[in-house]
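coords32.pdb (PDB, C-alpha atoms)
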ATOM      1  CA  MET X  27      24.786 -17.607   6.277
ATOM      2  CA  SER X  28      22.914 -15.941   3.424
ATOM      3  CA  CYS X  29      19.228 -15.058   3.676
ATOM      4  CA  ALA X  30      16.641 -14.483   0.967
ATOM      5  CA  ILE X  31      13.133 -13.108   1.375
ATOM      6  CA  VAL X  32      10.734 -14.638  -1.141
ATOM      7  CA  THR X  33       7.255 -13.167  -1.463
ATOM      8  CA  GLY X  34       4.654 -15.579  -2.738
ATOM      9  CA  GLY X  35       6.994 -18.261  -1.399
ATOM     10  CA  GLY X  36       4.311 -20.766  -0.482
ATOM     11  CA  SER X  37       3.187 -21.759  -3.966
ATOM     12  CA  GLY X  38       3.923 -21.662  -7.668
ATOM     13  CA  ILE X  39       6.962 -19.818  -8.954
ATOM     14  CA  GLY X  40       7.739 -18.355  -5.528
ATOM     15  CA  GLN X  41       7.840 -21.816  -3.991
ATOM     16  CA  ALA X  42      10.165 -23.053  -6.739
ATOM     17  CA  ILE X  43      12.466 -20.051  -6.270
ATOM     18  CA  ALA X  44      12.541 -20.542  -2.491
ATOM     19  CA  THR X  45      13.457 -24.210  -2.942
ATOM     20  CA  ARG X  46      16.211 -23.407  -5.450
ATOM     21  CA  LEU X  47      17.688 -20.728  -3.211
ATOM     22  CA  ALA X  48      17.642 -23.097  -0.231
ATOM     23  CA  LYS X  49      19.489 -25.695  -2.316
ATOM     24  CA  ALA X  50      22.042 -22.984  -3.158
ATOM     25  CA  GLY X  51      22.669 -22.367   0.551
ATOM     26  CA  PHE X  52      20.254 -19.590   1.485
ATOM     27  CA  ASN X  53      18.091 -19.470   4.567
ATOM     28  CA  ILE X  54      14.645 -18.345   3.480
ATOM     29  CA  ALA X  55      12.046 -15.918   4.806
ATOM     30  CA  LEU X  56       8.809 -17.084   3.190
ATOM     31  CA  VAL X  57       6.181 -14.371   2.815
ATOM     32  CA  GLY X  58       2.571 -14.813   1.781
ATOM     33  CA  ARG X  59      -1.045 -14.471   2.826
ATOM     34  CA  ARG X  60      -1.768 -18.145   3.494
ATOM     35  CA  ALA X  61      -0.018 -19.750   6.462
ATOM     36  CA  GLY X  62      -0.691 -23.352   5.383
ATOM     37  CA  PRO X  63       1.331 -23.351   2.151
ATOM     38  CA  LEU X  64       4.095 -21.323   3.809
ATOM     39  CA  GLU X  65       4.375 -23.814   6.681
ATOM     40  CA  HIS X  66       4.529 -26.699   4.184
ATOM     41  CA  GLN X  67       7.317 -24.954   2.252
ATOM     42  CA  LYS X  68       9.150 -24.252   5.518
ATOM     43  CA  LYS X  69       9.285 -28.004   6.214
ATOM     44  CA  LEU X  70      10.675 -28.657   2.729
ATOM     45  CA  ILE X  71      13.384 -26.028   3.194
ATOM     46  CA  MET X  72      14.318 -27.338   6.614
ATOM     47  CA  ALA X  73      14.596 -30.835   5.118
ATOM     48  CA  LEU X  74      17.291 -29.350   2.857
ATOM     49  CA  GLY X  75      19.267 -28.356   5.953
ATOM     50  CA  ARG X  76      18.375 -24.665   5.825
ATOM     51  CA  LYS X  77      16.499 -22.396   8.206
ATOM     52  CA  ALA X  78      13.145 -20.958   7.211
ATOM     53  CA  LEU X  79      10.949 -18.234   8.632
ATOM     54  CA  VAL X  80       7.252 -17.944   7.854
ATOM     55  CA  ILE X  81       5.874 -14.411   7.652
ATOM     56  CA  THR X  82       2.154 -14.363   7.030
ATOM     57  CA  ALA X  83       1.432 -10.950   5.545
ATOM     58  CA  ASP X  84      -0.295  -9.229   2.664
ATOM     59  CA  VAL X  85       2.498  -7.521   0.724
ATOM     60  CA  ALA X  86      -0.087  -5.340  -1.008
ATOM     61  CA  ASP X  87      -0.490  -3.512   2.318
ATOM     62  CA  PRO X  88       2.292  -0.907   2.638
ATOM     63  CA  ALA X  89       2.127  -1.156   6.436
ATOM     64  CA  THR X  90       3.538  -4.711   6.340
ATOM     65  CA  ALA X  91       6.818  -4.019   4.515
ATOM     66  CA  ALA X  92       8.900  -2.756   7.432
ATOM     67  CA  GLY X  93       7.764  -5.640   9.629
ATOM     68  CA  ILE X  94       8.701  -8.207   6.986
ATOM     69  CA  ILE X  95      12.187  -6.751   6.624
ATOM     70  CA  SER X  96      12.774  -6.407  10.375
ATOM     71  CA  SER X  97      11.554  -9.962  11.075
ATOM     72  CA  ALA X  98      13.907 -11.438   8.489
ATOM     73  CA  GLN X  99      16.835  -9.330   9.663
ATOM     74  CA  ALA X 100      16.207 -10.161  13.331
ATOM     75  CA  THR X 101      16.040 -13.878  12.548
ATOM     76  CA  PHE X 102      18.942 -14.189  10.102
ATOM     77  CA  GLY X 103      21.175 -11.204  10.912
ATOM     78  CA  ARG X 104      21.393  -9.946   7.353
ATOM     79  CA  ILE X 105      19.385 -10.036   4.132
ATOM     80  CA  ASP X 106      21.178 -10.950   0.928
ATOM     81  CA  ALA X 107      18.264 -11.159  -1.492
ATOM     82  CA  LEU X 108      14.690 -10.035  -1.922
ATOM     83  CA  VAL X 109      12.627 -11.829  -4.534
ATOM     84  CA  ASN X 110       9.385  -9.975  -5.247
ATOM     85  CA  CYS X 111       7.307 -12.821  -6.639
ATOM     86  CA  ALA X 112       3.876 -12.314  -5.076
ATOM     87  CA  GLY X 113       1.086 -11.842  -7.543
ATOM     88  CA  TYR X 114      -2.635 -11.602  -8.029
ATOM     89  CA  ALA X 115      -4.309 -11.785 -11.431
ATOM     90  CA  GLY X 116      -7.939 -11.032 -10.684
ATOM     91  CA  ILE X 117     -10.595 -12.074 -13.126
ATOM     92  CA  GLY X 118     -12.051 -10.089 -15.957
ATOM     93  CA  GLY X 119     -10.966  -7.633 -18.550
ATOM     94  CA  VAL X 120     -10.600  -3.895 -18.314
ATOM     95  CA  ALA X 121     -14.289  -3.297 -19.084
ATOM     96  CA  GLU X 122     -15.419  -5.622 -16.261
ATOM     97  CA  CYS X 123     -12.892  -4.473 -13.670
ATOM     98  CA  GLY X 124     -13.899  -1.800 -11.210
ATOM     99  CA  VAL X 125     -11.528   0.658  -9.539
ATOM    100  CA  GLU X 126     -11.277  -1.405  -6.343
ATOM    101  CA  GLU X 127     -10.238  -4.557  -8.229
ATOM    102  CA  PHE X 128      -7.812  -2.529 -10.373
ATOM    103  CA  GLN X 129      -6.145  -1.145  -7.242
ATOM    104  CA  LYS X 130      -5.940  -4.639  -5.716
ATOM    105  CA  ILE X 131      -4.173  -6.019  -8.811
ATOM    106  CA  ILE X 132      -1.743  -3.078  -9.007
ATOM    107  CA  ALA X 133      -1.000  -3.262  -5.260
ATOM    108  CA  ALA X 134      -0.258  -6.999  -5.269
ATOM    109  CA  ASN X 135       1.861  -7.060  -8.417
ATOM    110  CA  LEU X 136       3.527  -3.659  -8.626
ATOM    111  CA  SER X 137       3.198  -1.560  -5.492
ATOM    112  CA  SER X 138       4.257  -4.414  -3.221
ATOM    113  CA  ALA X 139       7.644  -4.605  -4.942
ATOM    114  CA  TYR X 140       8.163  -0.909  -4.236
ATOM    115  CA  TYR X 141       7.034  -1.178  -0.607
ATOM    116  CA  LEU X 142       9.467  -3.999   0.155
ATOM    117  CA  THR X 143      12.345  -2.523  -1.856
ATOM    118  CA  HIS X 144      11.901   0.816  -0.109
ATOM    119  CA  ALA X 145      11.872  -0.848   3.336
ATOM    120  CA  LEU X 146      14.910  -3.021   2.505
ATOM    121  CA  TRP X 147      17.069  -0.332   0.885
ATOM    122  CA  PRO X 148      18.587   1.082   4.116
ATOM    123  CA  VAL X 149      19.502  -2.453   5.225
ATOM    124  CA  LEU X 150      21.276  -3.186   1.942
ATOM    125  CA  ALA X 151      23.080   0.165   2.038
ATOM    126  CA  ALA X 152      24.325  -0.494   5.576
ATOM    127  CA  GLN X 153      25.478  -4.001   4.641
ATOM    128  CA  HIS X 154      27.358  -2.610   1.640
ATOM    129  CA  LYS X 155      29.026   0.079   3.748
ATOM    130  CA  ALA X 156      30.071  -2.481   6.385
ATOM    131  CA  ALA X 157      31.367  -5.082   3.908
ATOM    132  CA  PRO X 158      35.066  -5.880   3.918
ATOM    133  CA  VAL X 159      36.785  -4.595   0.788
ATOM    134  CA  GLY X 160      37.086  -7.365  -1.778
ATOM    135  CA  ASP X 161      34.545  -9.691  -0.126
ATOM    136  CA  HIS X 162      32.540 -10.433  -3.262
ATOM    137  CA  ARG X 163      29.850 -12.263  -1.281
ATOM    138  CA  THR X 164      28.910  -9.197   0.736
ATOM    139  CA  ASP X 165      30.301  -6.119  -0.999
ATOM    140  CA  THR X 166      27.119  -5.522  -2.993
ATOM    141  CA  GLY X 167      25.008  -5.370   0.153
ATOM    142  CA  GLY X 168      22.438  -7.660  -1.499
ATOM    143  CA  VAL X 169      20.262  -8.088  -4.559
ATOM    144  CA  ILE X 170      16.635  -7.468  -5.452
ATOM    145  CA  VAL X 171      14.878  -9.559  -8.089
ATOM    146  CA  ASN X 172      11.435  -8.593  -9.386
ATOM    147  CA  ILE X 173       9.526 -11.399 -11.070
ATOM    148  CA  SER X 174       7.387 -10.386 -14.005
ATOM    149  CA  SER X 175       5.245 -12.509 -16.313
ATOM    150  CA  TRP X 176       5.083 -13.406 -19.946
ATOM    151  CA  ALA X 177       1.724 -11.623 -19.784
ATOM    152  CA  ALA X 178       3.653  -8.345 -19.546
ATOM    153  CA  ARG X 179       4.795  -8.880 -23.151
ATOM    154  CA  ASP X 180       1.791 -10.737 -24.527
ATOM    155  CA  PRO X 181      -1.278 -10.178 -22.326
ATOM    156  CA  PHE X 182      -3.600 -13.094 -21.938
ATOM    157  CA  ALA X 183      -7.283 -12.542 -22.677
ATOM    158  CA  MET X 184      -9.088 -10.971 -19.717
ATOM    159  CA  LEU X 185      -5.813 -10.224 -17.872
ATOM    160  CA  GLY X 186      -4.921  -6.795 -19.233
ATOM    161  CA  ILE X 187      -4.587  -5.106 -15.842
ATOM    162  CA  TYR X 188      -2.441  -7.957 -14.521
ATOM    163  CA  ALA X 189      -0.241  -7.519 -17.619
ATOM    164  CA  VAL X 190       0.106  -3.783 -16.988
ATOM    165  CA  ALA X 191       1.030  -4.411 -13.335
ATOM    166  CA  LYS X 192       3.632  -7.068 -14.207
ATOM    167  CA  ALA X 193       5.084  -4.864 -16.949
ATOM    168  CA  GLY X 194       5.581  -2.176 -14.304
TER     169      GLY X 194
END
So that I can check it, write out the structure of this file as structure tokens.
Amino acid sequence: MSCAIVTGGGSGIGQAIATRLAKAGFNIALVGRRAGPLEHQKKLIMALGRKALVITADVADPATAAGIISSAQATFGRIDALVNCAGYAGIGGVAECGVEEFQKIIAANLSSAYYLTHALWPVLAAQHKAAPVGDHRTDTGGVIVNISSWAARDPFAMLGIYAVAKAG
């Protein structure tokens, strides 16, 4: 059975992606900071006949990436997709944003995708190496999808740093 990890999977675009993947046959590891929305989404996925795992974590913290990957792999046996969808916009323009807020926005929107991709890469490489020749479902090892924002092309007022992070 296929497994997808979806960051930001408890609300918004991440929730919609998690639901669509579950309808397509994936079990889902839902990752986010707020347990309540993740638990609600888990029930919706299970109602679709799929398994779901809730991982409450802040993906902006590099120390959480390995744990997220190992939890999903231990639960589902393999990981077929990672959808980096978590995001944080912050409030204020460049002039109003201090260094701490800048780092928070970059970490949530850009660095988190690197942390999780870096932690997942050895798993995907091993899955690819172990895949039967010609098995088109598994021979790629898996896929990684990074969700951006229209703001990356046309920044909204007061969201310039968010736009830079999503463009990254």
| Exactly which residues make up the result of the PyMOL selection byres ((chain X and resi 170) around 7) on this file, given as number ranges by chain? | X: 107-109, 169, 171-172
| Near-X:Gly119 list (9 Å; only C-alpha atoms; drop same-chain fewer than 4 positions) as a PyMOL selection string | chain X and resi 123+183-187
Evaluate the PyMOL selection byres ((chain X and resi 47-53) around 6) and record the selected residues as a PDB file with C-alpha atoms, in the coordinates of the input, following the chain and residue labels used in the document.
ATOM      1  CA  SER X  28      22.914 -15.941   3.424  1.00  0.00           C
ATOM      2  CA  CYS X  29      19.228 -15.058   3.676  1.00  0.00           C
ATOM      3  CA  ALA X  44      12.541 -20.542  -2.491  1.00  0.00           C
ATOM      4  CA  THR X  45      13.457 -24.210  -2.942  1.00  0.00           C
ATOM      5  CA  ARG X  46      16.211 -23.407  -5.450  1.00  0.00           C
ATOM      6  CA  ILE X  54      14.645 -18.345   3.480  1.00  0.00           C
ATOM      7  CA  ARG X  76      18.375 -24.665   5.825  1.00  0.00           C
ATOM      8  CA  LYS X  77      16.499 -22.396   8.206  1.00  0.00           C
ATOM      9  CA  ALA X  78      13.145 -20.958   7.211  1.00  0.00           C
TER      10      ALA X  78
END
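Relative to atom CA of X:Ala98, atom CA of X:Val149 is found at 11.1 Å.
Computed from the coordinates, the atom CA of X:Leu79 to atom CA of X:Lys155 distance equals 26.2 Å.
Counting from atom CA of X:Asn135, the distance to atom CA of X:Gly113 is 4.9 Å.
If you measure from each of X:Ala121, X:Ala189, X:Ala92, X:Leu70 to X:Tyr140 using all atoms listed in the file, the closest one turns out to be X:Ala92.
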| request: Please provide as number ranges by chain all residues within 10 Å of X:Ala133, with the sequence filter that same-chain residues fewer than 2 positions apart are discarded (counting all atoms listed in the file). | output: X: 84-88, 113-114, 127-131, 135-141, 191
| task | Find, counting all atoms listed in the file, the residue in X:Arg60, X:Lys192, X:Lys69, X:His144 that gets nearest to X:Cys111. | result | X:Lys192
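All residues of protein, DNA or RNA that reach within 10 Å of X:Gln99, judged by only C-alpha atoms and not counting those fewer than 5 positions away in the chain, are X:Cys29, X:Ile31, X:Ala55, X:Gly93, X:Ile94, X:Arg104, X:Ile105, X:Asp106, X:Leu146, X:Val149.
Residue nearest X:Glu65 within the list X:Gly118, X:Gly35, X:Ile43, X:Ala91: X:Gly35 [criterion: smallest interatomic distance, all atoms listed in the file].
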Centre and edge lengths, as lines of an AutoDock Vina configuration file, for the axis-aligned box enclosing every listed atom of stretch 42-55 of chain X with 8 Å of padding on each of the six sides, in Å to one decimal?
center_x = 16.4
center_y = -20.8
center_z = -1.0
size_x = 28.5
size_y = 25.8
size_z = 27.5
| task | Compare X:Lys68, X:Gln153, X:Gln41, X:Gly62 by their minimum atom-to-atom distance to X:Gly103, counting all atoms listed in the file, and give me the closest one. | result | X:Gln153
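Each of X:Pro63, X:Ala89, X:Ala30, X:Ile71 was compared to X:Gly168 using only C-alpha atoms, and X:Ala30 turns out to be the nearest.
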Selected stretch 95-111 of chain X, written as a CSV table (one decimal), in the first residue's frame, all heavy atoms:
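The new file part32.csv reads:
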chain,number,residue,atom,x,y,z
X,95,ILE,N,10.1,11.1,9.3
X,95,ILE,CA,10.4,10.0,8.3
X,95,ILE,C,10.3,8.6,8.9
X,95,ILE,O,9.7,7.7,8.4
X,95,ILE,CB,11.7,10.3,7.6
X,95,ILE,CG1,11.7,11.6,6.9
X,95,ILE,CG2,12.0,9.1,6.6
X,95,ILE,CD1,10.6,11.9,5.9
X,96,SER,N,11.0,8.5,10.0
X,96,SER,CA,11.1,7.1,10.7
X,96,SER,C,9.7,6.7,11.2
X,96,SER,O,9.3,5.5,11.1
X,96,SER,CB,12.1,7.1,11.8
X,96,SER,OG,11.8,7.9,12.8
X,97,SER,N,8.9,7.6,11.7
X,97,SER,CA,7.5,7.3,12.1
X,97,SER,C,6.7,6.8,11.0
X,97,SER,O,6.0,5.8,11.1
X,97,SER,CB,6.9,8.5,12.8
X,97,SER,OG,7.5,8.8,14.0
X,98,ALA,N,6.7,7.5,9.9
X,98,ALA,CA,5.9,7.1,8.7
X,98,ALA,C,6.4,5.8,8.1
X,98,ALA,O,5.6,4.9,7.8
X,98,ALA,CB,6.0,8.2,7.6
X,99,GLN,N,7.7,5.6,8.1
X,99,GLN,CA,8.2,4.3,7.5
X,99,GLN,C,7.9,3.2,8.4
X,99,GLN,O,7.5,2.1,8.0
X,99,GLN,CB,9.7,4.5,7.3
X,99,GLN,CG,10.3,3.3,6.6
X,99,GLN,CD,11.8,3.4,6.3
X,99,GLN,OE1,12.5,4.1,7.0
X,99,GLN,NE2,12.2,2.8,5.2
X,100,ALA,N,8.0,3.4,9.7
X,100,ALA,CA,7.7,2.3,10.7
X,100,ALA,C,6.2,1.9,10.6
X,100,ALA,O,5.9,0.7,10.7
X,100,ALA,CB,8.1,2.7,12.1
X,101,THR,N,5.4,2.9,10.4
X,101,THR,CA,3.9,2.6,10.4
X,101,THR,C,3.5,2.0,9.1
X,101,THR,O,2.7,1.1,9.0
X,101,THR,CB,3.1,3.9,10.6
X,101,THR,OG1,3.5,4.5,11.9
X,101,THR,CG2,1.6,3.7,10.5
X,102,PHE,N,4.0,2.5,7.9
X,102,PHE,CA,3.5,2.1,6.6
X,102,PHE,C,4.5,1.2,5.8
X,102,PHE,O,4.1,0.7,4.8
X,102,PHE,CB,3.1,3.3,5.8
X,102,PHE,CG,2.0,4.1,6.4
X,102,PHE,CD1,2.3,5.4,6.9
X,102,PHE,CD2,0.8,3.6,6.6
X,102,PHE,CE1,1.3,6.2,7.4
X,102,PHE,CE2,-0.2,4.4,7.2
X,102,PHE,CZ,0.0,5.7,7.6
X,103,GLY,N,5.7,1.0,6.3
X,103,GLY,CA,6.6,0.1,5.6
X,103,GLY,C,7.5,0.8,4.5
X,103,GLY,O,8.6,0.4,4.3
X,104,ARG,N,6.9,1.7,3.8
X,104,ARG,CA,7.6,2.4,2.8
X,104,ARG,C,7.0,3.8,2.7
X,104,ARG,O,5.9,4.1,3.2
X,104,ARG,CB,7.6,1.7,1.4
X,104,ARG,CG,6.2,1.5,0.8
X,104,ARG,CD,6.3,0.9,-0.6
X,104,ARG,NE,6.7,1.9,-1.6
X,104,ARG,CZ,7.8,1.7,-2.4
X,104,ARG,NH1,8.6,0.6,-2.3
X,104,ARG,NH2,8.1,2.6,-3.3
X,105,ILE,N,7.7,4.7,2.0
X,105,ILE,CA,7.2,6.1,1.7
X,105,ILE,C,7.2,6.3,0.2
X,105,ILE,O,8.3,6.2,-0.4
X,105,ILE,CB,8.0,7.1,2.5
X,105,ILE,CG1,7.9,6.8,4.0
X,105,ILE,CG2,7.5,8.5,2.2
X,105,ILE,CD1,8.9,7.6,4.9
X,106,ASP,N,6.1,6.6,-0.4
X,106,ASP,CA,6.0,6.8,-1.8
X,106,ASP,C,6.0,8.3,-2.2
X,106,ASP,O,6.3,8.6,-3.4
X,106,ASP,CB,4.8,6.1,-2.4
X,106,ASP,CG,4.9,4.6,-2.1
X,106,ASP,OD1,5.7,3.9,-2.8
X,106,ASP,OD2,4.3,4.1,-1.2
X,107,ALA,N,5.6,9.1,-1.3
X,107,ALA,CA,5.5,10.6,-1.6
X,107,ALA,C,5.7,11.4,-0.4
X,107,ALA,O,5.3,11.0,0.7
X,107,ALA,CB,4.2,10.9,-2.3
X,108,LEU,N,6.4,12.5,-0.6
X,108,LEU,CA,6.5,13.6,0.4
X,108,LEU,C,5.9,14.8,-0.2
X,108,LEU,O,6.4,15.2,-1.3
X,108,LEU,CB,7.9,13.8,0.8
X,108,LEU,CG,8.2,15.1,1.6
X,108,LEU,CD1,7.5,15.1,2.9
X,108,LEU,CD2,9.7,15.2,1.8
X,109,VAL,N,4.9,15.4,0.4
X,109,VAL,CA,4.4,16.7,-0.1
X,109,VAL,C,4.7,17.8,1.0
X,109,VAL,O,4.2,17.8,2.1
X,109,VAL,CB,2.9,16.6,-0.3
X,109,VAL,CG1,2.3,18.0,-0.8
X,109,VAL,CG2,2.5,15.5,-1.3
X,110,ASN,N,5.7,18.6,0.6
X,110,ASN,CA,6.1,19.7,1.5
X,110,ASN,C,5.1,20.9,1.3
X,110,ASN,O,5.2,21.6,0.3
X,110,ASN,CB,7.5,20.2,1.2
X,110,ASN,CG,8.5,19.2,1.6
X,110,ASN,OD1,8.5,18.8,2.8
X,110,ASN,ND2,9.4,18.7,0.7
X,111,CYS,N,4.1,21.0,2.1
X,111,CYS,CA,3.0,22.0,2.0
X,111,CYS,C,2.9,22.9,3.1
X,111,CYS,O,2.2,23.9,3.1
X,111,CYS,CB,1.7,21.2,1.7
X,111,CYS,SG,0.4,22.3,1.2
